[in-house]
$ cat query17.cif   # mmCIF, C-alpha atoms
data_model
#
loop_
_atom_site.group_PDB
_atom_site.id
_atom_site.type_symbol
_atom_site.label_atom_id
_atom_site.label_comp_id
_atom_site.auth_asym_id
_atom_site.auth_seq_id
_atom_site.Cartn_x
_atom_site.Cartn_y
_atom_site.Cartn_z
ATOM 1 C CA MET A 683 0.000 0.000 0.000
ATOM 2 C CA LEU A 684 2.987 2.349 0.371
ATOM 3 C CA PRO A 685 3.249 3.148 -3.367
ATOM 4 C CA ILE A 686 -0.500 3.874 -3.505
ATOM 5 C CA THR A 687 -0.276 6.099 -0.424
ATOM 6 C CA LEU A 688 2.624 8.046 -1.913
ATOM 7 C CA ALA A 689 0.818 8.363 -5.248
ATOM 8 C CA VAL A 690 -2.280 9.714 -3.506
ATOM 9 C CA ILE A 691 -0.274 12.260 -1.517
ATOM 10 C CA ILE A 692 1.643 13.428 -4.602
ATOM 11 C CA ALA A 693 -1.570 13.611 -6.646
ATOM 12 C CA TYR A 694 -3.271 15.712 -3.976
ATOM 13 C CA LEU A 695 -0.301 18.092 -3.811
ATOM 14 C CA ILE A 696 -0.213 18.455 -7.614
ATOM 15 C CA GLY A 697 -3.965 19.021 -7.614
ATOM 16 C CA SER A 698 -3.503 21.694 -4.970
ATOM 17 C CA ILE A 699 -1.470 23.873 -7.350
ATOM 18 C CA SER A 700 -4.001 26.517 -8.375
ATOM 19 C CA SER A 701 -3.423 27.294 -12.038
ATOM 20 C CA ALA A 702 -5.876 30.195 -11.942
ATOM 21 C CA ILE A 703 -4.212 31.975 -9.048
ATOM 22 C CA ILE A 704 -0.697 31.423 -10.373
ATOM 23 C CA VAL A 705 -1.557 32.491 -13.931
ATOM 24 C CA CYS A 706 -3.318 35.630 -12.704
ATOM 25 C CA LYS A 707 -0.388 36.556 -10.486
ATOM 26 C CA ILE A 708 2.178 36.045 -13.260
ATOM 27 C CA MET A 709 0.081 37.990 -15.776
ATOM 28 C CA GLY A 710 -0.628 40.840 -13.376
ATOM 29 C CA LEU A 711 -4.340 40.091 -13.097
ATOM 30 C CA PRO A 712 -6.521 40.313 -9.981
ATOM 31 C CA ASP A 713 -6.792 37.289 -7.713
ATOM 32 C CA PRO A 714 -9.701 35.272 -9.214
ATOM 33 C CA ARG A 715 -10.972 34.591 -5.697
ATOM 34 C CA THR A 716 -11.741 38.302 -5.338
ATOM 35 C CA GLN A 717 -13.180 39.073 -8.784
ATOM 36 C CA GLY A 718 -16.102 37.921 -10.924
ATOM 37 C CA SER A 719 -17.634 34.719 -9.619
ATOM 38 C CA ARG A 720 -14.743 34.417 -7.128
ATOM 39 C CA ASN A 721 -14.088 30.924 -8.475
ATOM 40 C CA PRO A 722 -10.413 30.100 -9.160
ATOM 41 C CA GLY A 723 -11.115 28.377 -12.453
ATOM 42 C CA ALA A 724 -10.635 28.903 -16.176
ATOM 43 C CA THR A 725 -14.001 30.535 -16.830
ATOM 44 C CA ASN A 726 -13.552 33.175 -14.165
ATOM 45 C CA VAL A 727 -10.047 33.834 -15.471
ATOM 46 C CA LEU A 728 -11.588 34.291 -18.923
ATOM 47 C CA ARG A 729 -13.973 36.793 -17.394
ATOM 48 C CA ILE A 730 -11.276 38.869 -15.697
ATOM 49 C CA GLY A 731 -8.220 38.263 -17.878
ATOM 50 C CA GLY A 732 -9.176 37.184 -21.382
ATOM 51 C CA LYS A 733 -8.760 34.117 -23.589
ATOM 52 C CA LYS A 734 -5.007 33.635 -23.304
ATOM 53 C CA ALA A 735 -4.992 33.552 -19.514
ATOM 54 C CA ALA A 736 -8.060 31.291 -19.499
ATOM 55 C CA ALA A 737 -6.517 28.853 -21.982
ATOM 56 C CA ILE A 738 -3.338 28.551 -19.907
ATOM 57 C CA THR A 739 -5.417 28.037 -16.772
ATOM 58 C CA LEU A 740 -7.552 25.379 -18.454
ATOM 59 C CA LEU A 741 -4.491 23.499 -19.668
ATOM 60 C CA GLY A 742 -2.860 23.705 -16.255
ATOM 61 C CA ASP A 743 -5.943 22.411 -14.477
ATOM 62 C CA MET A 744 -6.296 19.516 -16.927
ATOM 63 C CA LEU A 745 -2.644 18.562 -16.511
ATOM 64 C CA LYS A 746 -3.172 18.358 -12.754
ATOM 65 C CA GLY A 747 -5.398 15.378 -13.471
ATOM 66 C CA VAL A 748 -3.383 13.903 -16.343
ATOM 67 C CA ILE A 749 0.124 13.963 -14.861
ATOM 68 C CA PRO A 750 -0.457 12.132 -11.545
ATOM 69 C CA VAL A 751 -2.501 9.369 -13.184
ATOM 70 C CA LEU A 752 -0.006 8.844 -16.017
ATOM 71 C CA LEU A 753 2.852 8.743 -13.513
ATOM 72 C CA ALA A 754 0.945 6.162 -11.481
ATOM 73 C CA LYS A 755 0.345 4.119 -14.648
ATOM 74 C CA TRP A 756 4.029 4.345 -15.541
ATOM 75 C CA TYR A 757 4.931 3.098 -12.051
ATOM 76 C CA GLY A 758 2.575 0.167 -12.518
ATOM 77 C CA LEU A 759 -0.136 0.805 -9.946
ATOM 78 C CA ASP A 760 -3.241 -1.342 -10.236
ATOM 79 C CA ASP A 761 -6.750 -0.081 -10.992
ATOM 80 C CA LEU A 762 -7.434 0.766 -7.346
ATOM 81 C CA GLY A 763 -4.249 2.797 -7.095
ATOM 82 C CA LEU A 764 -5.023 4.650 -10.315
ATOM 83 C CA ALA A 765 -8.587 5.389 -9.225
ATOM 84 C CA LEU A 766 -7.419 6.723 -5.854
ATOM 85 C CA THR A 767 -4.709 8.801 -7.540
ATOM 86 C CA ALA A 768 -7.245 10.408 -9.863
ATOM 87 C CA PHE A 769 -9.621 11.099 -6.987
ATOM 88 C CA ALA A 770 -6.832 12.667 -4.905
ATOM 89 C CA ALA A 771 -5.833 15.011 -7.743
ATOM 90 C CA PHE A 772 -9.464 16.066 -8.160
ATOM 91 C CA ILE A 773 -9.878 16.709 -4.422
ATOM 92 C CA GLY A 774 -6.625 18.670 -4.419
ATOM 93 C CA HIS A 775 -8.078 21.042 -7.008
ATOM 94 C CA LEU A 776 -11.258 21.524 -4.990
ATOM 95 C CA PHE A 777 -9.504 21.904 -1.636
ATOM 96 C CA PRO A 778 -5.911 23.046 -2.318
ATOM 97 C CA ILE A 779 -3.686 22.947 0.733
ATOM 98 C CA PHE A 780 -1.484 25.712 -0.710
ATOM 99 C CA PHE A 781 -4.351 28.190 -1.123
ATOM 100 C CA GLY A 782 -6.420 27.954 2.037
ATOM 101 C CA PHE A 783 -8.501 25.050 0.690
ATOM 102 C CA GLU A 784 -10.320 27.470 -1.642
ATOM 103 C CA GLY A 785 -10.458 25.685 -4.975
ATOM 104 C CA GLY A 786 -12.440 25.630 -8.182
ATOM 105 C CA LYS A 787 -15.398 23.560 -9.287
ATOM 106 C CA GLY A 788 -13.231 20.797 -10.687
ATOM 107 C CA VAL A 789 -14.332 20.470 -14.312
ATOM 108 C CA ALA A 790 -10.935 20.744 -16.038
ATOM 109 C CA THR A 791 -9.152 18.512 -13.521
ATOM 110 C CA PHE A 792 -11.996 16.008 -13.778
ATOM 111 C CA ILE A 793 -11.521 15.919 -17.565
ATOM 112 C CA GLY A 794 -7.776 15.434 -17.114
ATOM 113 C CA CYS A 795 -8.310 12.527 -14.726
ATOM 114 C CA LEU A 796 -10.816 10.935 -17.072
ATOM 115 C CA LEU A 797 -8.556 11.300 -20.118
ATOM 116 C CA ALA A 798 -5.650 9.722 -18.250
ATOM 117 C CA LEU A 799 -7.707 6.864 -16.807
ATOM 118 C CA CYS A 800 -9.377 6.032 -20.111
ATOM 119 C CA LEU A 801 -8.803 8.146 -23.208
ATOM 120 C CA PRO A 802 -12.023 7.062 -25.023
ATOM 121 C CA ALA A 803 -14.111 7.926 -21.947
ATOM 122 C CA GLY A 804 -12.429 11.307 -21.704
ATOM 123 C CA LEU A 805 -13.010 12.030 -25.368
ATOM 124 C CA THR A 806 -16.640 10.985 -24.963
ATOM 125 C CA TRP A 807 -16.963 13.548 -22.161
ATOM 126 C CA VAL A 808 -15.550 16.233 -24.443
ATOM 127 C CA GLY A 809 -17.870 15.202 -27.280
ATOM 128 C CA THR A 810 -20.910 15.255 -25.003
ATOM 129 C CA TRP A 811 -19.948 18.686 -23.698
ATOM 130 C CA LEU A 812 -19.580 20.042 -27.228
ATOM 131 C CA VAL A 813 -22.957 18.729 -28.387
ATOM 132 C CA ILE A 814 -24.854 20.078 -25.363
ATOM 133 C CA ALA A 815 -22.985 23.386 -25.454
ATOM 134 C CA VAL A 816 -23.736 23.915 -29.152
ATOM 135 C CA VAL A 817 -27.401 22.960 -28.824
ATOM 136 C CA PHE A 818 -28.284 24.742 -25.575
ATOM 137 C CA ARG A 819 -25.497 27.352 -25.277
ATOM 138 C CA TYR A 820 -24.984 26.690 -21.566
ATOM 139 C CA SER A 821 -21.440 25.755 -20.553
ATOM 140 C CA SER A 822 -22.480 24.651 -17.079
ATOM 141 C CA LEU A 823 -25.332 22.475 -18.389
ATOM 142 C CA ALA A 824 -22.946 20.805 -20.835
ATOM 143 C CA ALA A 825 -20.458 20.071 -18.039
ATOM 144 C CA LEU A 826 -23.182 18.740 -15.758
ATOM 145 C CA ILE A 827 -24.654 16.368 -18.338
ATOM 146 C CA ALA A 828 -21.240 15.163 -19.544
ATOM 147 C CA SER A 829 -20.156 14.519 -15.952
ATOM 148 C CA LEU A 830 -23.412 12.763 -15.094
ATOM 149 C CA LEU A 831 -22.791 10.354 -17.977
ATOM 150 C CA ALA A 832 -19.075 9.909 -17.241
ATOM 151 C CA PRO A 833 -19.434 6.873 -14.909
ATOM 152 C CA VAL A 834 -21.461 5.096 -17.598
ATOM 153 C CA ASP A 835 -18.877 6.023 -20.226
ATOM 154 C CA ILE A 836 -15.921 4.691 -18.269
ATOM 155 C CA TRP A 837 -17.766 1.497 -17.332
ATOM 156 C CA CYS A 838 -18.624 0.846 -20.974
ATOM 157 C CA PHE A 839 -15.012 1.295 -22.069
ATOM 158 C CA THR A 840 -13.174 -0.391 -19.174
ATOM 159 C CA HIS A 841 -15.619 -2.509 -17.130
ATOM 160 C CA ALA A 842 -13.439 -1.509 -14.179
ATOM 161 C CA SER A 843 -15.554 -1.098 -11.059
ATOM 162 C CA THR A 844 -12.839 0.866 -9.244
ATOM 163 C CA TYR A 845 -12.658 3.432 -12.055
ATOM 164 C CA THR A 846 -16.432 3.630 -12.213
ATOM 165 C CA VAL A 847 -16.833 4.236 -8.477
ATOM 166 C CA ALA A 848 -14.104 6.899 -8.435
ATOM 167 C CA VAL A 849 -15.557 8.707 -11.452
ATOM 168 C CA ALA A 850 -19.073 8.478 -9.982
ATOM 169 C CA LEU A 851 -17.874 10.056 -6.726
ATOM 170 C CA MET A 852 -16.098 12.823 -8.611
ATOM 171 C CA SER A 853 -19.216 13.415 -10.701
ATOM 172 C CA VAL A 854 -21.426 13.728 -7.615
ATOM 173 C CA ILE A 855 -19.014 16.195 -6.014
ATOM 174 C CA LEU A 856 -18.682 18.180 -9.242
ATOM 175 C CA ILE A 857 -22.460 18.412 -9.595
ATOM 176 C CA TYR A 858 -22.738 19.568 -5.976
ATOM 177 C CA ARG A 859 -20.119 22.244 -6.607
ATOM 178 C CA HIS A 860 -22.340 23.487 -9.433
ATOM 179 C CA ARG A 861 -25.437 23.793 -7.239
ATOM 180 C CA ARG A 862 -25.615 27.547 -7.846
ATOM 181 C CA ASN A 863 -25.470 26.986 -11.600
ATOM 182 C CA ILE A 864 -28.227 24.388 -11.312
ATOM 183 C CA TYR A 865 -30.389 26.881 -9.453
ATOM 184 C CA ASN A 866 -29.693 29.498 -12.126
ATOM 185 C CA LEU A 867 -30.591 27.043 -14.889
ATOM 186 C CA PHE A 868 -33.948 26.304 -13.272
ATOM 187 C CA THR A 869 -34.700 29.974 -12.706
ATOM 188 C CA GLY A 870 -33.574 31.038 -16.175
ATOM 189 C CA THR A 871 -30.784 33.273 -14.909
ATOM 190 C CA GLU A 872 -27.791 31.200 -16.015
ATOM 191 C CA SER A 873 -25.530 33.002 -18.496
ATOM 192 C CA LYS A 874 -25.164 31.534 -21.966
ATOM 193 C CA ILE A 875 -21.934 30.906 -23.831
ATOM 194 C CA GLY A 876 -20.774 34.067 -25.528
ATOM 195 C CA LYS A 877 -22.160 36.281 -22.799
ATOM 196 C CA LYS A 878 -20.905 35.323 -19.379
ATOM 197 C CA SER A 879 -20.148 31.640 -18.982
ATOM 198 C CA SER A 880 -20.398 30.031 -15.562
ATOM 199 C CA LEU A 881 -18.536 26.766 -15.864
#
$ encode --input "query17.cif" --output "structure tokens"
Amino acid sequence: MLPITLAVIIAYLIGSISSAIIVCKIMGLPDPRTQGSRNPGATNVLRIGGKKAAAITLLGDMLKGVIPVLLAKWYGLDDLGLALTAFAAFIGHLFPIFFGFEGGKGVATFIGCLLALCLPAGLTWVGTWLVIAVVFRYSSLAALIASLLAPVDIWCFTHASTYTVAVALMSVILIYRHRRNIYNLFTGTESKIGKKSSL
């Protein structure tokens, strides 16, 4: 269990590196926790700093999920170890030890974890997001639906119960973190893509 424990700790620490806060500081932008939606994520960075800063933030947050899982795969951890590593990276993003446990909603890191665990499942998530986003023009709705379907996707591609449970837990937490967006969707006050996204 020692390698799994170390992988989980390292994954959590990598997940705790807030791309949004670091990018904003380097680029001379306001702290995303004090501006806009106050969410340290790519969409809020887009809101306060533009496309370039948001793209870098998005990539950084995705890599926080990809890198720990790929390293764990390279080391040879089993499915349980990989699932726990992915979950730890995701939790690190939500509750970063380096930034007062004030993290983002977890979408980009969730995608990174999913892509690293099972590339077809991750690509299916991206495809689902694109279809829903194009049809309904709500970024948050697209993320919610894609994440809700993610456990089914990964089960269909891997038949690995450990992956499925980990992804299901991450999906539930991600949906809970979007509870304000869900309320806005039901009340018709959620911003559409192209206006003021709320992913």
$ residues_near_point --input "query17.cif" --point "(-8.4, 31.6, -19.2)" --cutoff "12 Å" --atoms "only C-alpha atoms" --output "NGL selection string"
:A and (701-706 or 709 or 711 or 714 or 722-743 or 790 or 879 or 881)
$ resolve_selection --input "query17.cif" --expression "the PyMOL selection byres ((chain A and resi 753) around 12)" --output "ChimeraX atom specification"
/A:685-686,688-690,692-693,696,745-752,754-759,763-764,767-768,795,798-799
$ atom_distance --input "query17.cif" --atom1 "atom CA of Ile773 of chain A" --atom2 "atom CA of Leu851 of chain A"
10.7 Å
$ closest_residue --input "query17.cif" --among "A:Met852, A:Cys800, A:Leu684, A:Ile857" --to "Asp835 of chain A" --atoms "only C-alpha atoms"
A:Cys800
$ resolve_selection --input "query17.cif" --expression "the PyMOL selection byres ((chain A and resi 804-816) around 9)" --output "VMD selection string"
chain A and resid 793 to 803 817 to 829 831 to 832 835 to 836 875
$ atom_distance --input "query17.cif" --atom1 "atom CA of Gly774 of chain A" --atom2 "atom CA of Asp713 of chain A"
18.9 Å
$ axis_aligned_box --input "query17.cif" --around "segment 774-791 of chain A" --padding-each-side "3 Å" --output "AutoDock Vina command-line options"
--center_x -8.4 --center_y 23.4 --center_z -7.0 --size_x 19.9 --size_y 15.7 --size_z 24.1
$ residues_around --input "query17.cif" --residues "Arg859 of chain A" --least-positions-apart "6" --cutoff "10 Å" --atoms "only C-alpha atoms" --output "ChimeraX atom specification"
/A:776,786-789,853
$ write_last_selection --input "query17.cif" --atoms "C-alpha atoms" --output "CSV table (one decimal), in the frame of the given file"
chain,number,residue,atom,x,y,z
A,776,LEU,CA,-11.3,21.5,-5.0
A,786,GLY,CA,-12.4,25.6,-8.2
A,787,LYS,CA,-15.4,23.6,-9.3
A,788,GLY,CA,-13.2,20.8,-10.7
A,789,VAL,CA,-14.3,20.5,-14.3
A,853,SER,CA,-19.2,13.4,-10.7
$ closest_residue --input "query17.cif" --among "A:Thr791, A:Ser873, A:Asn866, A:Asn721" --to "Val849 of chain A" --atoms "all atoms listed in the file"
A:Thr791
$ residues_around --input "query17.cif" --residues "Phe777 of chain A" --least-positions-apart "3" --cutoff "10 Å" --atoms "all atoms listed in the file" --output "NGL selection string"
:A and (694 or 697-698 or 700 or 771-774 or 780-788)
$ closest_residue --input "query17.cif" --among "A:Ile699, A:Glu872, A:His860, A:Arg715" --to "Ile779 of chain A" --atoms "only C-alpha atoms"
A:Ile699
$ atom_distance --input "query17.cif" --atom1 "atom CA of Arg862 of chain A" --atom2 "atom CA of Ala770 of chain A"
24.1 Å
$ closest_residue --input "query17.cif" --among "A:Met683, A:Leu856, A:Thr846, A:Phe792" --to "Ala765 of chain A" --atoms "only C-alpha atoms"
A:Thr846
$ closest_residue --input "query17.cif" --among "A:Ile708, A:Ile855, A:Ala850, A:Leu695" --to "His775 of chain A" --atoms "only C-alpha atoms"
A:Leu695
$ closest_residue --input "query17.cif" --among "A:Gly710, A:Val847, A:Val834, A:Tyr858" --to "Phe769 of chain A" --atoms "all atoms listed in the file"
A:Val847
